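*Asks:* File final05.cif below, mmCIF, C-alpha atoms:
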data_upload
loop_
_atom_site.label_atom_id
_atom_site.label_comp_id
_atom_site.auth_asym_id
_atom_site.auth_seq_id
_atom_site.Cartn_x
_atom_site.Cartn_y
_atom_site.Cartn_z
CA MET R 291 0.00 0.00 0.00
CA ARG R 292 1.16 3.52 -0.70
CA PRO R 293 2.30 5.57 2.31
CA LYS R 294 -0.08 8.35 3.37
CA LEU R 295 -0.16 11.66 1.43
CA LEU R 296 1.47 10.05 -1.64
CA PRO R 297 1.72 11.17 -4.34
CA LEU R 298 2.61 14.45 -2.66
CA SER R 299 0.77 17.60 -3.71
CA GLU R 300 2.90 20.25 -5.38
CA THR R 301 2.88 22.39 -2.22
CA MET R 302 3.82 19.54 0.12
CA HIS R 303 6.42 18.19 -2.29
CA LEU R 304 8.23 21.52 -2.51
CA ILE R 305 8.01 22.08 1.27
CA MET R 306 9.61 18.68 1.92
CA LEU R 307 12.35 19.30 -0.61
CA ALA R 308 13.04 22.66 1.03
CA LEU R 309 13.14 21.08 4.49
CA ARG R 310 16.06 18.77 3.69
CA LYS R 311 17.87 21.53 5.59
CA PRO R 312 16.40 23.17 8.75
CA LEU R 313 14.27 26.23 7.98
CA HIS R 314 11.65 28.44 9.64
CA GLY R 315 8.29 29.36 8.11
CA TYR R 316 9.08 32.44 6.07
CA ALA R 317 12.38 30.95 4.80
CA ILE R 318 10.47 27.86 3.59
CA MET R 319 8.20 30.11 1.54
CA GLN R 320 11.20 31.98 0.08
CA LEU R 321 13.08 28.81 -0.87
CA VAL R 322 9.97 27.20 -2.40
CA ASN R 323 9.43 30.35 -4.43
CA GLU R 324 13.02 30.19 -5.65
CA MET R 325 12.90 26.44 -6.41
CA SER R 326 9.73 26.87 -8.46
CA ASP R 327 11.08 29.89 -10.40
CA GLY R 328 8.50 32.11 -8.71
CA GLU R 329 5.56 29.90 -9.70
CA VAL R 330 4.60 28.71 -6.21
CA ASN R 331 3.96 31.36 -3.60
CA ILE R 332 2.84 29.60 -0.42
CA ALA R 333 0.54 31.61 1.86
CA ALA R 334 0.76 31.46 5.66
CA GLY R 335 -2.37 29.38 6.27
CA THR R 336 -1.49 26.89 3.56
CA LEU R 337 2.03 26.54 4.97
CA TYR R 338 0.73 26.02 8.50
CA GLY R 339 -1.76 23.37 7.32
CA ALA R 340 0.86 21.55 5.23
CA LEU R 341 3.47 21.58 8.02
CA ASP R 342 0.88 20.35 10.51
CA ASN R 343 -0.15 17.52 8.19
CA LEU R 344 3.43 16.48 7.35
CA LYS R 345 4.31 16.60 11.05
CA LYS R 346 1.32 14.42 11.91
CA HIS R 347 2.67 11.75 9.56
CA HIS R 348 6.21 12.17 10.97
CA TYR R 349 7.65 13.15 7.59
CA ILE R 350 9.03 16.35 9.14
CA GLU R 351 9.67 17.46 12.73
CA LEU R 352 9.85 20.65 14.73
CA ILE R 353 13.47 21.03 15.81
CA SER R 354 13.47 24.44 17.55
CA ASN R 355 13.03 24.63 21.34
CA PRO R 356 9.44 25.07 22.57
CA GLY R 357 10.15 28.54 24.00
CA GLU R 358 11.53 29.96 20.77
CA ARG R 359 9.29 32.26 18.82
CA ARG R 360 10.55 31.13 15.43
CA LYS R 361 9.62 27.55 14.64
CA VAL R 362 12.25 25.58 12.71
CA TYR R 363 11.41 22.36 10.86
CA GLN R 364 13.36 19.61 9.13
CA VAL R 365 12.64 16.40 7.23
CA THR R 366 12.87 13.19 9.33
CA GLU R 367 14.44 9.89 8.28
CA LEU R 368 10.98 8.65 7.31
CA GLY R 369 10.60 11.86 5.32
CA GLU R 370 13.82 11.11 3.44
CA GLU R 371 12.41 7.68 2.56
CA ILE R 372 9.22 9.29 1.31
CA LEU R 373 11.23 11.65 -0.88
CA ALA R 374 13.22 8.67 -2.25
CA THR R 375 9.90 6.92 -3.10
CA GLU R 376 8.65 10.03 -4.87
CA ASN R 377 11.94 10.34 -6.71
CA MET R 378 11.51 6.77 -8.07
CA ARG R 379 7.93 7.46 -9.07
CA LEU R 380 8.88 10.62 -10.94
CA LYS R 381 11.84 8.92 -12.67
CA LYS R 382 9.38 6.28 -13.88
CA PHE R 383 7.17 9.06 -15.18
CA ILE R 384 10.04 10.68 -17.02
CA SER R 385 10.84 7.37 -18.71
CA LEU R 386 7.17 7.07 -19.68
CA TYR R 387 7.42 10.50 -21.28
CA GLU R 388 10.65 9.74 -23.09
CA ASN R 389 10.24 6.09 -24.12
CA GLY R 390 6.49 5.84 -24.24
CA ASP R 391 6.39 2.26 -22.93
CA GLY R 392 7.86 2.79 -19.47
CA SER R 393 10.84 0.50 -20.02
CA ASN R 394 14.12 1.75 -18.58
CA GLU R 395 16.01 0.95 -21.81
CA MET V 116 -14.75 54.37 15.69
CA ASN V 117 -17.07 51.51 16.61
CA LYS V 118 -19.33 49.79 14.12
CA TYR V 119 -22.07 47.44 15.23
CA LYS V 120 -22.93 44.74 12.78
CA PHE V 121 -24.06 41.16 12.85
CA PHE V 122 -23.57 38.74 9.97
CA LEU V 123 -25.38 35.52 9.16
CA ASP V 124 -22.90 34.73 6.43
CA PRO V 125 -19.34 34.18 7.67
CA LEU V 126 -17.95 34.98 4.22
CA LYS V 127 -19.61 38.42 4.26
CA VAL V 128 -17.78 39.48 7.44
CA GLU V 129 -14.42 39.41 5.71
CA GLN V 130 -15.84 41.20 2.68
CA TRP V 131 -17.41 43.95 4.78
CA ILE V 132 -14.27 44.52 6.90
CA ASN V 133 -12.21 44.87 3.72
CA GLU V 134 -14.73 47.31 2.21
CA MET V 135 -14.35 49.45 5.35
CA GLN V 136 -10.57 49.19 5.04
CA ASN V 137 -10.74 50.36 1.44
CA LYS V 138 -12.42 53.52 2.72
CA GLY V 139 -9.36 54.55 4.75
CA TYR V 140 -9.95 52.61 7.96
CA ARG V 141 -8.12 49.81 9.69
CA LEU V 142 -9.69 47.11 11.86
CA THR V 143 -8.14 47.10 15.34
CA ASP V 144 -10.42 44.91 17.43
CA ILE V 145 -13.57 42.79 17.41
CA SER V 146 -15.57 42.05 20.53
CA MET V 147 -18.51 39.72 20.96
CA ASP V 148 -18.96 39.09 17.25
CA PHE V 149 -20.70 42.39 16.59
CA ILE V 150 -18.56 45.31 17.86
CA TYR V 151 -15.94 46.18 15.27
CA LYS V 152 -13.37 48.83 16.17
CA PHE V 153 -11.75 50.78 13.35
CA GLU V 154 -9.23 53.61 13.25
CA GLU V 155 -8.36 55.94 10.41
CA THR V 156 -5.27 55.19 8.37
CA SER V 157 -3.74 56.30 5.10
CA GLU V 158 -2.34 52.83 4.40
CA ASP V 159 -3.99 49.79 2.86
CA TYR V 160 -4.84 46.98 5.23
CA ILE V 161 -6.28 43.56 4.44
CA THR V 162 -8.15 41.20 6.75
CA ARG V 163 -8.68 37.46 6.40
CA VAL V 164 -10.80 35.16 8.51
CA ASP V 165 -9.76 31.61 9.38
CA TYR V 166 -11.25 28.90 11.53
CA GLN V 167 -9.27 26.27 13.42
CA GLU V 168 -10.35 23.47 15.69
CA MET V 169 -9.06 23.40 19.27
CA MET V 170 -5.26 23.49 19.33
CA SER V 171 -2.76 22.36 21.98
CA ILE V 172 -0.52 25.12 23.36
CA PRO V 173 2.53 24.12 21.24
CA LYS V 174 0.33 23.85 18.15
CA TYR V 175 -1.27 27.24 18.81
CA GLU V 176 2.21 28.77 19.16
CA GLU V 177 3.15 27.34 15.77
CA TYR V 178 -0.07 28.64 14.26
CA LEU V 179 0.59 32.17 15.57
CA SER V 180 4.32 32.11 14.83
CA ILE V 181 3.98 31.09 11.18
CA HIS V 182 1.29 33.67 10.44
CA GLU V 183 3.24 36.41 12.23
CA GLU V 184 6.37 35.57 10.23
CA PHE V 185 4.34 36.38 7.12
CA GLY V 186 3.36 39.76 8.58
CA TRP V 187 -0.13 38.88 9.78
CA LYS V 188 -1.36 40.40 13.04
CA HIS V 189 -3.79 38.36 15.15
CA ILE V 190 -6.82 40.58 15.73
CA ARG V 191 -9.04 38.01 17.34
CA GLY V 192 -9.14 34.30 18.13
CA GLY V 193 -7.87 31.72 20.57
CA ARG V 194 -6.78 28.15 20.81
CA PHE V 195 -10.14 26.72 21.85
CA GLY V 196 -11.71 26.77 18.43
CA SER V 197 -15.01 28.29 19.48
CA MET V 198 -14.51 31.45 17.43
CA THR V 199 -12.99 32.59 14.18
CA GLN V 200 -9.37 33.63 13.87
CA VAL V 201 -9.11 37.11 12.38
CA TRP V 202 -5.83 38.14 10.76
CA SER V 203 -4.85 41.56 9.42
CA LYS V 204 -1.82 42.97 7.71
CA LYS V 205 -0.66 45.80 5.55
CA SER V 206 -1.48 44.87 1.99
CA ASP V 207 1.66 43.73 0.13
CA GLY V 208 0.47 41.59 -2.74
CA ASN V 209 0.51 38.33 -0.74
CA ASP V 210 -2.87 38.98 0.80
CA GLU V 211 -4.36 35.50 1.03
CA LEU V 212 -4.17 32.97 3.85
CA PHE V 213 -4.47 30.03 1.47
CA SER V 214 -2.58 29.60 -1.77
CA ASP V 215 -3.78 26.23 -3.08
CA ARG V 216 -7.14 24.62 -3.67
CA GLU V 217 -6.58 21.80 -1.19
CA SER V 218 -6.00 24.17 1.73
CA LYS V 219 -8.98 26.36 0.74
CA ILE V 220 -11.28 23.34 0.67
CA ASN V 221 -9.90 22.27 4.06
CA TYR V 222 -10.73 25.71 5.42
CA TYR V 223 -14.37 25.37 4.36
CA LYS V 224 -14.48 21.86 5.80
CA ARG V 225 -13.22 23.09 9.19
CA TYR V 226 -15.81 25.84 9.20
CA MET V 227 -18.64 23.46 8.32
CA LYS V 228 -17.60 21.04 11.02
CA MET V 229 -17.87 23.83 13.59
CA THR V 230 -21.18 25.31 12.45
CA GLY V 231 -22.71 21.85 11.87
CA GLY V 232 -21.65 20.71 15.34
CA LEU V 233 -23.02 23.84 17.01
CA ALA V 234 -26.28 23.61 15.08
CA ILE V 235 -26.88 20.06 16.28
CA LEU V 236 -26.03 21.03 19.87
CA PHE V 237 -28.48 23.96 19.79
CA LEU V 238 -31.14 21.85 18.13
CA PHE V 239 -30.84 19.41 21.02
CA TYR V 240 -31.13 22.25 23.57
CA SER V 241 -34.14 23.79 21.87
CA MET V 242 -35.91 20.44 22.08
CA LEU V 243 -35.19 20.25 25.81
CA PHE V 244 -36.89 23.59 26.35
CA LEU V 245 -39.99 22.86 24.27
CA PRO V 246 -43.12 23.24 26.49
CA ASP V 247 -45.52 20.28 26.47
CA SER V 248 -48.49 22.49 25.63
CA PRO V 249 -49.05 26.27 25.34
CA GLY V 250 -50.75 26.20 28.76
CA MET V 251 -47.51 25.10 30.36
CA ILE V 252 -46.01 28.55 29.79
CA PHE V 253 -48.50 30.15 32.19
CA LEU V 254 -48.45 28.48 35.57
CA THR V 255 -51.14 30.49 37.45
CA PRO V 256 -53.69 27.86 38.52
CA GLY V 257 -57.01 28.22 36.73
CA LEU V 258 -55.78 31.21 34.70
CA TRP V 259 -57.72 30.26 31.59
CA ASP V 260 -61.01 30.02 33.56
CA LEU V 261 -60.79 33.57 34.94
CA GLU V 262 -62.96 36.28 33.41
CA ASP V 263 -62.29 39.76 31.96
CA MET V 264 -60.39 42.03 34.33
CA GLU V 265 -59.37 39.18 36.61
CA PHE V 266 -57.97 37.28 33.65
CA TRP V 267 -56.09 40.25 32.15
CA ARG V 268 -54.58 41.21 35.50
CA ALA V 269 -53.30 37.68 36.11
CA PHE V 270 -52.29 37.27 32.46
CA LEU V 271 -50.28 40.50 32.28
CA PHE V 272 -48.74 39.85 35.67
CA GLU V 273 -47.38 36.51 34.57
CA LEU V 274 -46.54 37.50 30.98
CA PRO V 275 -42.92 38.55 31.64
CA PHE V 276 -42.26 35.28 33.47
CA ALA V 277 -43.95 33.31 30.72
CA LEU V 278 -41.77 35.05 28.12
CA MET V 279 -38.68 34.14 30.10
CA ARG V 280 -39.81 30.56 30.12
CA ILE V 281 -40.40 30.55 26.38
CA LEU V 282 -37.25 32.49 25.46
CA PRO V 283 -34.87 29.52 25.11
CA ALA V 284 -37.42 27.70 22.94
CA VAL V 285 -37.47 30.75 20.60
CA LEU V 286 -33.81 31.69 20.79
CA PHE V 287 -32.32 28.26 20.17
CA PRO V 288 -34.22 27.51 16.94
CA VAL V 289 -33.18 30.95 15.65
CA THR V 290 -29.56 30.08 16.44
CA VAL V 291 -29.99 26.74 14.70
CA ILE V 292 -31.28 28.51 11.58
CA ILE V 293 -28.35 30.96 11.65
CA LEU V 294 -25.87 28.11 11.93
CA PHE V 295 -27.45 26.12 9.12
CA ILE V 296 -27.32 29.19 6.87
CA ALA V 297 -23.58 29.47 7.64
CA TYR V 298 -23.18 25.76 6.89
CA TYR V 299 -25.01 26.12 3.58
CA ARG V 300 -22.89 29.11 2.49
CA MET V 301 -19.67 27.28 3.29
CA ASP V 302 -20.84 24.14 1.53
CA LYS V 303 -21.72 26.17 -1.56
CA ALA V 304 -18.34 27.93 -1.59
CA LYS V 305 -16.57 24.59 -1.19
CA LYS V 306 -18.52 23.00 -4.06
CA GLU V 307 -17.81 25.97 -6.33
CA LEU V 308 -14.12 25.57 -5.58
CA GLU V 309 -14.22 21.83 -6.29
CA GLN V 310 -15.86 22.42 -9.66
CA GLU V 311 -13.25 24.91 -10.87
CA ASN V 312 -10.98 23.77 -13.73
#
Would you encode the structure as structure tokens?
*Replies:*
Amino acid sequence: MRPKLLPLSETMHLIMLALRKPLHGYAIMQLVNEMSDGEVNIAAGTLYGALDNLKKHHYIELISNPGERRKVYQVTELGEEILATENMRLKKFISLYENGDGSNE
Amino acid sequence: MNKYKFFLDPLKVEQWINEMQNKGYRLTDISMDFIYKFEETSEDYITRVDYQEMMSIPKYEEYLSIHEEFGWKHIRGGRFGSMTQVWSKKSDGNDELFSDRESKINYYKRYMKMTGGLAILFLFYSMLFLPDSPGMIFLTPGLWDLEDMEFWRAFLFELPFALMRILPAVLFPVTVIILFIAYYRMDKAKKELEQEN
């Protein structure tokens, strides 16, 4: 069975890719914007909802101390595995685009 | 400046606040769902309304922190999920709380869960307060057998008490109707969103 939330939505996918290094909310938005060549501009509520959902599934974790105002997040080991699974899926897609039959040569 | 206004449609609140803000005002506070405080400003402010279910303290801190990082100021709300969260900021082009369809649909779903839950609760209460028969509202023994002046004196004397007895049975169904209207509006907005593209 597929893990939960897969395939990842565009927003969640970009957030997880950004969180391979520790980042706080606004910096996530900036990096996602950069990675998507300005196409994806995540709003605050969408970011909060996505982080909350990813955290619930243990794909990312809050790594800043509870007292700190700025909340810093990072991908977990499970999150890395999820990204590897998505990577495989997308590679398969690319081969479908390029070879038409899905064979890997 | 205080404005007193009550809305049946939760989506209209946001619209109205922003119309006021387009006229050179800025929302500073909301109390009790109908007292809106504005002050004059020469800058453009935007307000967005959100709804969240009850949050733990750490979760609430994350909720506030992330929105504040984006420049939003928390005008009203709390972590217990019994009221809307109202956010304002100086307009800068990124004036939405939600940037994809999934999160917008989730917002409507959260709102419907709240209004639907409250409506059912109030419906239950209004049924508790329903009198068995109209006569039960007036408790003066033999009231309906009295004649003319005697009747009117007794009737008018007890009327205020009778009204107090009947008030919950009137008030709660009205609340139920208000909540179902809110539910319907949210459901409609959600369906429109789902049909786009």
*Asks:* Got a sec: who's within 12 Å of R:Pro312, counting only C-alpha atoms, leaving out chain neighbours fewer than 5 positions off, as a CSV table (one decimal) with C-alpha atoms, in the coordinates of the input?
*Replies:*
chain,number,residue,atom,x,y,z
R,305,ILE,CA,8.0,22.1,1.3
R,306,MET,CA,9.6,18.7,1.9
R,307,LEU,CA,12.4,19.3,-0.6
R,317,ALA,CA,12.4,31.0,4.8
R,318,ILE,CA,10.5,27.9,3.6
R,321,LEU,CA,13.1,28.8,-0.9
R,350,ILE,CA,9.0,16.4,9.1
R,351,GLU,CA,9.7,17.5,12.7
R,352,LEU,CA,9.8,20.6,14.7
R,353,ILE,CA,13.5,21.0,15.8
R,354,SER,CA,13.5,24.4,17.6
R,360,ARG,CA,10.6,31.1,15.4
R,361,LYS,CA,9.6,27.6,14.6
R,362,VAL,CA,12.2,25.6,12.7
R,363,TYR,CA,11.4,22.4,10.9
R,364,GLN,CA,13.4,19.6,9.1
R,365,VAL,CA,12.6,16.4,7.2
R,366,THR,CA,12.9,13.2,9.3
*Asks:* Please return, as a list of chain:residue names, all residues of chain V lying within 9 Å of chain R when all atoms listed in the file are considered.
*Replies:* V:Asp165, V:Pro173, V:Lys174, V:Glu176, V:Glu177, V:Tyr178, V:Ser180, V:Ile181, V:His182, V:Glu183, V:Glu184, V:Phe185, V:Trp187, V:Asn209, V:Asp210, V:Glu211, V:Leu212, V:Phe213, V:Ser214, V:Asp215, V:Glu217, V:Ser218, V:Lys219, V:Asn221
*Asks:* Rounded to one decimal place, report the atom CA of V:Asp302-atom CA of V:Val201 distance in Å.
*Replies:*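 Computing the Euclidean distance for atom CA of V:Asp302 and atom CA of V:Val201 yields 20.6 Å.
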*Asks:* Name every residue that the PyMOL selection byres ((chain V and resi 199) around 6) selects in this structure, writing the answer as a short mmCIF file (atom, residue, chain, number, x, y, z; two decimals) with C-alpha atoms, in the frame of the given file with chains first and numbers rising.
*Replies:*
data_model
loop_
_atom_site.label_atom_id
_atom_site.label_comp_id
_atom_site.auth_asym_id
_atom_site.auth_seq_id
_atom_site.Cartn_x
_atom_site.Cartn_y
_atom_site.Cartn_z
CA ASP V 165 -9.76 31.61 9.38
CA TYR V 166 -11.25 28.90 11.53
CA GLY V 192 -9.14 34.30 18.13
CA MET V 198 -14.51 31.45 17.43
CA GLN V 200 -9.37 33.63 13.87
#
*Asks:* Looking at V:Ala277, V:Met227, V:Leu238, V:Leu261, which one is nearest to V:Tyr299, with distances taken over all atoms listed in the file?
*Replies:*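 The shortest atom-to-atom distance to V:Tyr299 comes from V:Met227.
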*Asks:* Fewer than 5 positions away in the same chain doesn't count, so skip those; otherwise give me all residues within 8 Å of V:Arg194, counting all atoms listed in the file, as a VMD selection string.
*Replies:* chain V and resid 168 to 172 175
*Asks:* Rounded to one decimal place, report the atom CA of V:Arg300-atom CA of V:Lys152 distance in Å.
*Replies:*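 These two atoms are separated by 25.8 Å.
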*Asks:* For atom CA of V:Val128 and atom CA of V:Ser203, quote the distance in Å rounded to one decimal.
*Replies:* 13.2 Å
*Asks:* Please enclose the listed atoms of stretch 311-321 of chain R in an axis-aligned box, pad each side by 8 Å, and write out the centre and the three edge lengths in Å, rounded to one decimal, as JSON.
*Replies:*
{"center_x": 13.0, "center_y": 27.0, "center_z": 4.4, "size_x": 25.7, "size_y": 26.9, "size_z": 26.5}
*Asks:* Of the candidates R:Lys294, R:Glu324, R:His303, R:Gly390, which one gets nearest to R:Glu376 if we count all atoms listed in the file?
*Replies:*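 Ranking R:Lys294, R:Glu324, R:His303, R:Gly390 by distance to R:Glu376, first place goes to R:His303.
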*Asks:* So which residues touch V:Phe253 within 10 Å, counting only C-alpha atoms, skipping near sequence neighbours fewer than 2 positions away, as a ChimeraX atom specification?
*Replies:* /V:249-251,255-259,269-270,273-274,276-278,280-281
*Asks:* Given all atoms listed in the file as the basis, pick out the residue of V:Lys228, V:Ala234, V:Phe239, V:Val164 nearest to V:Trp202.
*Replies:* V:Val164
*Asks:* Anything within 7 Å of (-5.4, 44.1, 3.8): list those residues as an MDAnalysis selection string, counting only C-alpha atoms and sticking to the file's coordinates.
*Replies:* chainID V and resid 133 159:162 203:206 210
